[in-house]
$ cat data32.txt   # compact mmCIF, C-alpha atoms
# COMPACT_ATOMS: atom_id res chain seq x y z
CA VAL R 3 -18.84 -0.96 1.88
CA MET R 4 -20.31 0.49 -1.31
CA LYS R 5 -18.48 3.77 -0.76
CA TYR R 6 -15.13 2.68 0.65
CA GLY R 7 -14.98 -0.83 -0.79
CA TYR R 8 -16.36 -0.11 -4.26
CA GLN R 9 -15.89 3.69 -4.48
CA LEU R 10 -19.55 4.55 -5.07
CA PRO R 11 -20.13 8.18 -3.94
CA LEU R 12 -22.96 8.89 -1.51
CA TYR R 13 -24.84 11.08 -3.96
CA ARG R 14 -25.14 8.11 -6.34
CA GLN R 15 -26.28 5.87 -3.52
CA GLU R 16 -28.83 8.52 -2.58
CA GLN R 17 -30.19 8.34 -6.13
CA MET R 18 -30.24 4.53 -6.05
CA PHE R 19 -32.22 4.50 -2.81
CA ALA R 20 -34.64 7.11 -4.21
CA ALA R 21 -35.27 4.89 -7.25
CA GLN R 22 -36.42 2.21 -4.81
CA GLY R 23 -38.72 4.62 -3.03
CA ILE R 24 -36.39 5.13 -0.06
CA THR R 25 -35.71 8.74 0.88
CA LEU R 26 -32.30 9.12 2.51
CA ASP R 27 -30.55 12.46 2.66
CA ARG R 28 -26.88 12.43 1.80
CA GLN R 29 -26.02 14.06 5.15
CA THR R 30 -27.78 11.20 6.91
CA LEU R 31 -25.64 8.70 5.01
CA ALA R 32 -22.50 10.70 5.83
CA SER R 33 -23.38 10.80 9.54
CA TRP R 34 -23.87 7.02 9.50
CA MET R 35 -20.40 6.67 8.00
CA GLY R 36 -18.91 8.80 10.74
CA ARG R 37 -20.78 6.91 13.46
CA ALA R 38 -19.63 3.53 12.15
CA ALA R 39 -16.05 4.77 11.98
CA TRP R 40 -16.32 6.02 15.59
CA TRP R 41 -17.23 2.54 16.80
CA LEU R 42 -14.48 1.00 14.68
CA LYS R 43 -11.75 3.47 15.64
CA PRO R 44 -10.18 1.16 18.29
CA LEU R 45 -10.14 -1.72 15.78
CA HIS R 46 -8.47 0.50 13.18
CA ALA R 47 -5.83 1.47 15.76
CA LEU R 48 -5.30 -2.21 16.60
CA LEU R 49 -4.94 -3.05 12.90
CA ARG R 50 -2.30 -0.34 12.59
CA ARG R 51 -0.35 -1.69 15.57
CA ALA R 52 -0.57 -5.22 14.19
CA VAL R 53 0.70 -4.18 10.76
CA MET R 54 3.50 -2.04 12.21
CA SER R 55 4.70 -4.95 14.36
CA TYR R 56 5.95 -6.90 11.35
CA PRO R 57 9.63 -6.63 10.36
CA ARG R 58 8.96 -5.92 6.69
CA LEU R 59 6.45 -3.40 5.36
CA PHE R 60 5.44 -1.70 2.15
CA ALA R 61 4.40 1.96 2.11
CA ASP R 62 3.01 4.38 -0.44
CA GLU R 63 1.35 7.77 -0.30
CA THR R 64 -0.97 9.88 -2.43
CA PRO R 65 -2.15 13.51 -2.23
CA LEU R 66 -5.70 13.88 -0.93
CA PRO R 67 -7.80 17.01 -1.60
CA VAL R 68 -9.82 17.94 1.50
CA LEU R 69 -12.48 20.65 1.56
CA ASP R 70 -11.43 23.68 3.60
CA PRO R 71 -14.73 25.41 4.48
CA GLY R 72 -13.03 28.50 5.89
CA ARG R 73 -11.35 29.24 2.56
CA GLY R 74 -14.04 27.90 0.25
CA ARG R 75 -11.72 25.54 -1.59
CA THR R 76 -9.76 22.34 -1.08
CA LYS R 77 -6.37 21.95 0.54
CA VAL R 78 -3.87 19.21 -0.30
CA CYS R 79 -3.42 16.66 2.46
CA GLN R 80 -1.93 13.17 2.34
CA PHE R 81 -3.16 9.59 2.46
CA TRP R 82 -0.69 6.86 3.40
CA ALA R 83 -1.04 3.15 2.77
CA ILE R 84 1.03 0.74 4.87
CA ALA R 85 0.79 -2.90 3.81
CA THR R 86 2.17 -6.30 4.65
CA ASP R 87 1.94 -9.62 2.82
CA ASP R 88 4.26 -12.59 3.34
CA ARG R 89 2.44 -14.96 1.01
CA PRO R 90 5.12 -14.74 -1.73
CA TRP R 91 7.55 -16.56 0.58
CA GLY R 92 5.24 -18.31 3.05
CA GLY R 93 6.01 -16.03 5.99
CA PRO R 94 3.85 -15.37 9.06
CA ALA R 95 2.47 -11.90 8.31
CA PRO R 96 -1.14 -11.96 7.08
CA PRO R 97 -2.01 -9.76 4.12
CA ALA R 98 -3.23 -6.42 5.45
CA VAL R 99 -3.34 -2.74 4.63
CA VAL R 100 -3.89 0.20 6.93
CA TYR R 101 -4.53 3.72 5.67
CA MET R 102 -3.53 6.81 7.60
CA PHE R 103 -4.58 10.41 7.00
CA ALA R 104 -2.13 13.30 7.39
CA GLU R 105 -3.16 16.94 7.32
CA ASP R 106 -0.34 17.94 4.95
CA ARG R 107 2.53 16.52 2.87
CA LYS R 108 5.44 17.59 5.08
CA ALA R 109 8.31 15.13 5.44
CA ILE R 110 7.78 15.14 9.21
CA ARG R 111 4.66 13.01 8.66
CA ALA R 112 6.82 10.08 7.55
CA LYS R 113 8.83 10.35 10.76
CA GLN R 114 5.63 10.48 12.79
CA LEU R 115 4.37 7.31 11.09
CA PHE R 116 7.62 5.32 11.00
CA GLY R 117 9.86 6.99 13.57
CA ASP R 118 9.65 4.06 15.99
CA TYR R 119 9.66 1.36 13.33
CA HIS R 120 12.47 -1.22 13.28
CA GLY R 121 12.62 -3.18 10.06
CA ILE R 122 12.63 -3.12 6.27
CA LEU R 123 10.44 -0.57 4.55
CA GLN R 124 9.87 -1.09 0.82
CA VAL R 125 8.92 2.16 -0.89
CA ASP R 126 9.34 4.39 -3.94
CA GLY R 127 11.89 7.19 -4.14
CA TYR R 128 9.89 9.79 -2.18
CA ALA R 129 12.43 11.92 -0.28
CA ALA R 130 10.47 11.77 2.99
CA TYR R 131 11.38 8.09 3.36
CA LYS R 132 15.08 8.81 2.96
CA GLY R 133 14.84 11.17 5.91
CA LEU R 134 14.10 8.18 8.11
CA ILE R 135 17.71 6.96 7.86
CA LYS R 136 19.52 10.30 7.85
CA ASN R 137 21.63 11.66 10.74
CA GLY R 138 23.05 8.24 11.50
CA GLY R 139 19.71 6.59 12.10
CA HIS R 140 19.61 3.04 10.79
CA LEU R 141 16.48 1.74 12.50
CA VAL R 142 14.78 1.54 9.10
CA GLN R 143 16.28 -0.23 6.11
CA LEU R 144 14.88 1.07 2.84
CA ALA R 145 14.25 -1.31 -0.05
CA PHE R 146 13.28 0.45 -3.26
CA CYS R 147 11.03 -0.61 -6.11
CA PHE R 148 12.25 -1.90 -9.48
CA ALA R 149 8.77 -1.33 -10.95
CA HIS R 150 9.29 2.42 -10.45
CA ALA R 151 12.72 2.29 -12.11
CA ARG R 152 11.29 0.21 -14.96
CA ARG R 153 8.42 2.67 -15.45
CA LYS R 154 10.85 5.52 -16.12
CA PHE R 155 12.56 3.54 -18.89
CA TRP R 156 9.16 2.49 -20.25
CA ASP R 157 8.00 6.11 -20.54
CA VAL R 158 11.16 6.98 -22.49
CA HIS R 159 10.78 3.93 -24.73
CA VAL R 160 7.15 4.77 -25.54
CA THR R 161 7.89 8.39 -26.46
CA THR R 162 11.30 8.06 -28.16
CA LYS R 163 11.74 4.37 -29.12
CA SER R 164 15.22 4.62 -27.59
CA PRO R 165 17.22 1.38 -28.09
CA ILE R 166 18.98 2.03 -24.77
CA ALA R 167 15.64 2.23 -22.95
CA ALA R 168 14.51 -0.93 -24.78
CA GLU R 169 17.61 -2.81 -23.65
CA ALA R 170 17.16 -1.59 -20.07
CA LEU R 171 13.62 -2.97 -20.14
CA GLN R 172 14.86 -6.30 -21.50
CA ARG R 173 17.44 -6.57 -18.74
CA ILE R 174 14.89 -5.76 -16.01
CA ALA R 175 12.50 -8.29 -17.55
CA MET R 176 15.14 -10.97 -16.92
CA PHE R 177 15.07 -10.13 -13.19
CA TYR R 178 11.30 -10.47 -13.16
CA ALA R 179 11.39 -13.79 -15.02
CA ILE R 180 13.47 -15.22 -12.17
CA GLU R 181 11.04 -13.78 -9.61
CA ASP R 182 8.15 -15.51 -11.38
CA ARG R 183 9.95 -18.85 -10.97
CA ILE R 184 10.53 -18.49 -7.24
CA ARG R 185 7.28 -16.86 -6.13
CA GLY R 186 5.76 -18.84 -3.26
CA LEU R 187 9.00 -20.61 -2.33
CA PRO R 188 10.63 -20.28 1.13
CA ALA R 189 12.76 -17.20 1.76
CA ALA R 190 16.02 -19.16 1.96
CA HIS R 191 15.35 -20.82 -1.41
CA ARG R 192 14.47 -17.49 -3.01
CA ALA R 193 17.68 -15.92 -1.70
CA ALA R 194 19.77 -18.84 -2.99
CA VAL R 195 18.31 -18.61 -6.50
CA ARG R 196 18.82 -14.86 -6.54
CA GLN R 197 22.47 -15.31 -5.61
CA THR R 198 23.14 -17.74 -8.46
CA ASP R 199 20.80 -16.37 -11.14
CA THR R 200 19.97 -12.73 -10.41
CA ARG R 201 23.21 -11.39 -8.93
CA PRO R 202 25.30 -11.82 -12.14
CA LEU R 203 22.61 -10.01 -14.14
CA ILE R 204 22.44 -7.19 -11.59
CA GLU R 205 26.23 -6.86 -11.40
CA ASP R 206 26.36 -6.55 -15.19
CA PHE R 207 23.49 -4.04 -15.28
CA LYS R 208 25.15 -1.34 -13.15
CA PRO R 209 28.32 -0.79 -15.28
CA TRP R 210 26.15 -0.93 -18.38
CA LEU R 211 24.00 1.89 -16.97
CA GLU R 212 27.07 3.91 -15.99
CA ALA R 213 28.49 3.57 -19.50
CA ARG R 214 25.19 4.58 -21.11
CA LEU R 215 24.94 7.63 -18.87
CA LEU R 216 28.12 8.97 -20.48
CA GLU R 217 26.46 8.71 -23.89
CA VAL R 218 23.24 10.65 -23.21
CA SER R 219 22.26 14.04 -21.86
CA LYS R 220 21.79 13.92 -18.09
CA LYS R 221 18.83 16.26 -18.49
CA SER R 222 17.04 13.98 -20.97
CA GLY R 223 14.33 11.59 -19.91
CA LEU R 224 16.69 8.69 -20.49
CA GLY R 225 19.43 10.34 -18.46
CA LYS R 226 17.00 10.92 -15.59
CA ALA R 227 15.83 7.29 -15.72
CA ILE R 228 19.43 6.04 -15.54
CA ARG R 229 20.37 8.42 -12.72
CA TYR R 230 17.26 7.48 -10.74
CA THR R 231 18.22 3.81 -10.97
CA LEU R 232 21.86 4.40 -10.01
CA ASN R 233 20.99 6.80 -7.19
CA HIS R 234 18.71 4.17 -5.62
CA TRP R 235 20.97 1.22 -6.39
CA GLU R 236 21.58 -0.04 -2.84
CA GLY R 237 17.87 -0.13 -2.00
CA LEU R 238 16.88 -1.50 -5.41
CA THR R 239 19.23 -4.47 -5.07
CA ARG R 240 18.59 -5.23 -1.39
CA PHE R 241 16.17 -8.00 -2.40
CA ILE R 242 19.03 -10.15 -3.75
CA ASP R 243 20.35 -11.00 -0.27
CA ASP R 244 17.03 -11.35 1.56
CA GLY R 245 14.40 -13.78 0.31
CA ARG R 246 11.69 -11.96 2.30
CA ILE R 247 12.05 -8.79 0.23
CA GLU R 248 10.17 -8.37 -3.03
CA ILE R 249 11.67 -6.92 -6.20
CA ASP R 250 9.09 -4.12 -6.13
CA SER R 251 6.45 -2.47 -3.97
CA ASN R 252 3.50 -3.60 -6.10
CA THR R 253 1.88 -5.07 -2.97
CA VAL R 254 1.11 -1.60 -1.65
CA GLU R 255 0.58 -0.17 -5.15
CA ARG R 256 -2.37 -2.55 -5.50
CA SER R 257 -3.67 -1.54 -2.09
CA ILE R 258 -3.59 2.18 -2.83
CA LYS R 259 -5.42 1.86 -6.15
CA PRO R 260 -8.87 1.92 -4.45
CA ILE R 261 -7.90 5.25 -2.88
CA GLY R 262 -7.00 6.66 -6.29
CA LEU R 263 -10.28 5.48 -7.75
CA GLY R 264 -12.10 6.93 -4.76
CA LYS R 265 -10.44 10.31 -5.35
CA LYS R 266 -11.54 10.20 -8.96
CA ASN R 267 -15.14 9.44 -8.00
CA TYR R 268 -15.51 11.62 -4.88
CA LEU R 269 -13.13 14.43 -6.03
CA PHE R 270 -12.30 15.31 -2.41
CA ALA R 271 -12.95 14.49 1.23
CA GLY R 272 -15.58 16.77 2.76
CA SER R 273 -13.54 17.43 5.89
CA GLU R 274 -10.57 16.13 7.84
CA GLY R 275 -13.04 14.10 9.89
CA GLY R 276 -14.39 12.62 6.67
CA ALA R 277 -10.84 11.71 5.60
CA GLU R 278 -10.28 9.97 8.96
CA THR R 279 -13.52 8.04 8.43
CA TRP R 280 -12.32 7.07 4.97
CA ALA R 281 -9.01 5.81 6.41
CA SER R 282 -10.66 3.72 9.14
CA LEU R 283 -13.35 2.07 7.05
CA ALA R 284 -11.21 1.52 3.95
CA SER R 285 -8.51 -0.17 6.07
CA LEU R 286 -10.88 -2.78 7.49
CA ILE R 287 -12.81 -3.28 4.25
CA ASN R 288 -9.77 -3.72 2.01
CA THR R 289 -7.97 -5.96 4.51
CA ALA R 290 -11.10 -8.14 4.62
CA LYS R 291 -10.99 -8.33 0.82
CA LEU R 292 -7.37 -9.50 0.96
CA HIS R 293 -8.62 -12.49 2.97
CA ASP R 294 -11.47 -13.23 0.54
CA ILE R 295 -14.01 -12.14 3.15
CA ASP R 296 -17.28 -10.49 2.12
CA PRO R 297 -16.68 -7.06 3.71
CA ARG R 298 -20.42 -6.47 4.24
CA HIS R 299 -20.83 -9.64 6.29
CA TYR R 300 -17.60 -8.88 8.14
CA LEU R 301 -18.48 -5.30 9.10
CA THR R 302 -22.05 -6.25 10.02
CA ASP R 303 -20.83 -8.89 12.46
CA VAL R 304 -18.01 -6.76 13.83
CA LEU R 305 -20.25 -3.75 14.49
CA GLU R 306 -22.92 -5.91 16.12
CA ARG R 307 -20.34 -7.49 18.42
CA ILE R 308 -18.72 -4.18 19.38
CA VAL R 309 -21.92 -2.18 19.87
CA SER R 310 -23.64 -4.95 21.85
CA GLY R 311 -20.59 -5.47 24.06
CA ARG R 312 -20.36 -9.18 23.17
CA THR R 313 -16.73 -8.63 22.25
CA LYS R 314 -14.90 -6.88 25.08
CA ILE R 315 -12.08 -4.41 24.54
CA ASN R 316 -9.48 -7.00 25.60
CA GLN R 317 -10.87 -9.38 22.95
CA LEU R 318 -10.76 -6.86 20.12
CA HIS R 319 -7.89 -8.69 18.40
CA MET R 320 -10.37 -11.48 17.57
CA LEU R 321 -12.11 -9.05 15.20
CA LEU R 322 -9.06 -8.42 13.04
CA PRO R 323 -10.00 -9.85 9.62
CA TRP R 324 -7.64 -12.85 9.68
CA ASN R 325 -8.63 -13.82 13.24
CA TRP R 326 -12.32 -13.26 12.45
CA LYS R 327 -12.02 -15.54 9.42
CA ALA R 328 -10.19 -18.24 11.41
CA GLU R 329 -12.91 -18.20 14.08
CA ARG R 330 -15.65 -18.36 11.46
CA ASP R 331 -14.00 -21.23 9.60
CA SER R 332 -13.50 -23.14 12.85
CA SER R 333 -17.16 -22.71 13.79
CA GLN R 334 -18.31 -23.86 10.35
CA ALA R 335 -16.05 -26.92 10.54
CA LYS R 336 -17.53 -27.90 13.93
CA LEU R 337 -21.06 -27.52 12.58
CA ALA R 338 -20.20 -29.63 9.54
CA ALA R 339 -18.76 -32.34 11.79
$ encode --input "data32.txt" --output "structure tokens"
Amino acid sequence: VMKYGYQLPLYRQEQMFAAQGITLDRQTLASWMGRAAWWLKPLHALLRRAVMSYPRLFADETPLPVLDPGRGRTKVCQFWAIATDDRPWGGPAPPAVVYMFAEDRKAIRAKQLFGDYHGILQVDGYAAYKGLIKNGGHLVQLAFCFAHARRKFWDVHVTTKSPIAAEALQRIAMFYAIEDRIRGLPAAHRAAVRQTDTRPLIEDFKPWLEARLLEVSKKSGLGKAIRYTLNHWEGLTRFIDDGRIEIDSNTVERSIKPIGLGKKNYLFAGSEGGAETWASLASLINTAKLHDIDPRHYLTDVLERIVSGRTKINQLHMLLPWNWKAERDSSQAKLAA
């Protein structure tokens, strides 16, 4: 939990233990990590299946340096985060995130992860996602992220003080103000408000962007920001007609931040096996956090139940964080009664 929940590298933990008079070699700590992940591997797989069963997902990816012992340096692999959270509209999907490791950054990895998925996938503009719907395949509907479009205008505004970028930001802020008003309301209500309040603003925004594009260099930062927005227009505006879809993919952006902080603190994964361990443990720990569960208490109980055999393989779904919490709360309520 200290490493994968709070991004504290093992060498620092080794020093902390030594200060308390406890001698623990870093390799011993690493082997414990791997052993715990081995026991939890079926639960991680079950978490992935549970997340992928929902009709609306968020996804994001980040490069992951992994030590390549044969070459004496790191190689660039990929870490994926797949998240779900229906709380903004009161839907059935529990908040969850599952991380997956891929040995490289080839576009085929997206097809391997999402090739059998039927539903709405909310993502950034990474080309690998667009390959999921090419060649006539429409199993996946892509919804894009207005936060990414906004960020491009923000970068231009900060560096150039462009009045066009400033106005684009003001217009996008109006979309977000409406989203703030309807957060937590049922999907049908959200969709109705978007039709009456957001759609006119969106329909006015596109011709405004097209007109501005004729006034600026297409190679400039502002031109690139406008073209990015227009090129992703269908996916960016998909949220208007479906109250289940968010305006952005910030749900998964928040879930991948711990991975970014981990990369900063660890620098790299020691091996592909270490990256797999990272994916398994971080998935369960960060999903537990999304349910306001103390991940240390959760993992302690889960490991004890799995290793002892108290929880059988056909009961493993009871150890998913939301089911574990429901069982715990029910037991505490009975005791209180």
$ closest_atom_pairs --input "data32.txt" --of "segment 168-217 of chain R" --to "segment 79-89 of chain R" --cutoff "10 Å" --atoms "only C-alpha atoms" --output "tab-separated table"
residue	atom	partner	partner_atom	distance
R:Arg185	CA	R:Arg89	CA	8.8
R:Gly186	CA	R:Arg89	CA	6.7
R:Leu187	CA	R:Arg89	CA	9.3
R:Pro188	CA	R:Arg89	CA	9.8
R:Ala189	CA	R:Asp88	CA	9.8
$ closest_residue --input "data32.txt" --among "R:Trp40, R:Tyr8, R:Phe155, R:Tyr300" --to "Leu322 of chain R" --atoms "all atoms listed in the file"
R:Tyr300
$ atom_distance --input "data32.txt" --atom1 "atom CA of Gln9 of chain R" --atom2 "atom CA of Leu269 of chain R"
11.2 Å
$ atom_distance --input "data32.txt" --atom1 "atom CA of Thr64 of chain R" --atom2 "atom CA of Ile135 of chain R"
21.5 Å
$ closest_residue --input "data32.txt" --among "R:Leu141, R:Leu134, R:Ile242, R:Ala149" --to "Ile180 of chain R" --atoms "all atoms listed in the file"
R:Ile242
$ atom_distance --input "data32.txt" --atom1 "atom CA of Leu171 of chain R" --atom2 "atom CA of Ala194 of chain R"
24.2 Å
$ residues_near_point --input "data32.txt" --point "(-18.2, 2.7, -1.7)" --cutoff "12 Å" --atoms "only C-alpha atoms" --output "PyMOL selection string"
chain R and resi 3-15+31-32+35+260-261+263-265+267-268+280+283-284+287-288+297-298
$ closest_residue --input "data32.txt" --among "R:Ala339, R:Leu318, R:Ile174, R:Leu115" --to "Asp206 of chain R" --atoms "only C-alpha atoms"
R:Ile174
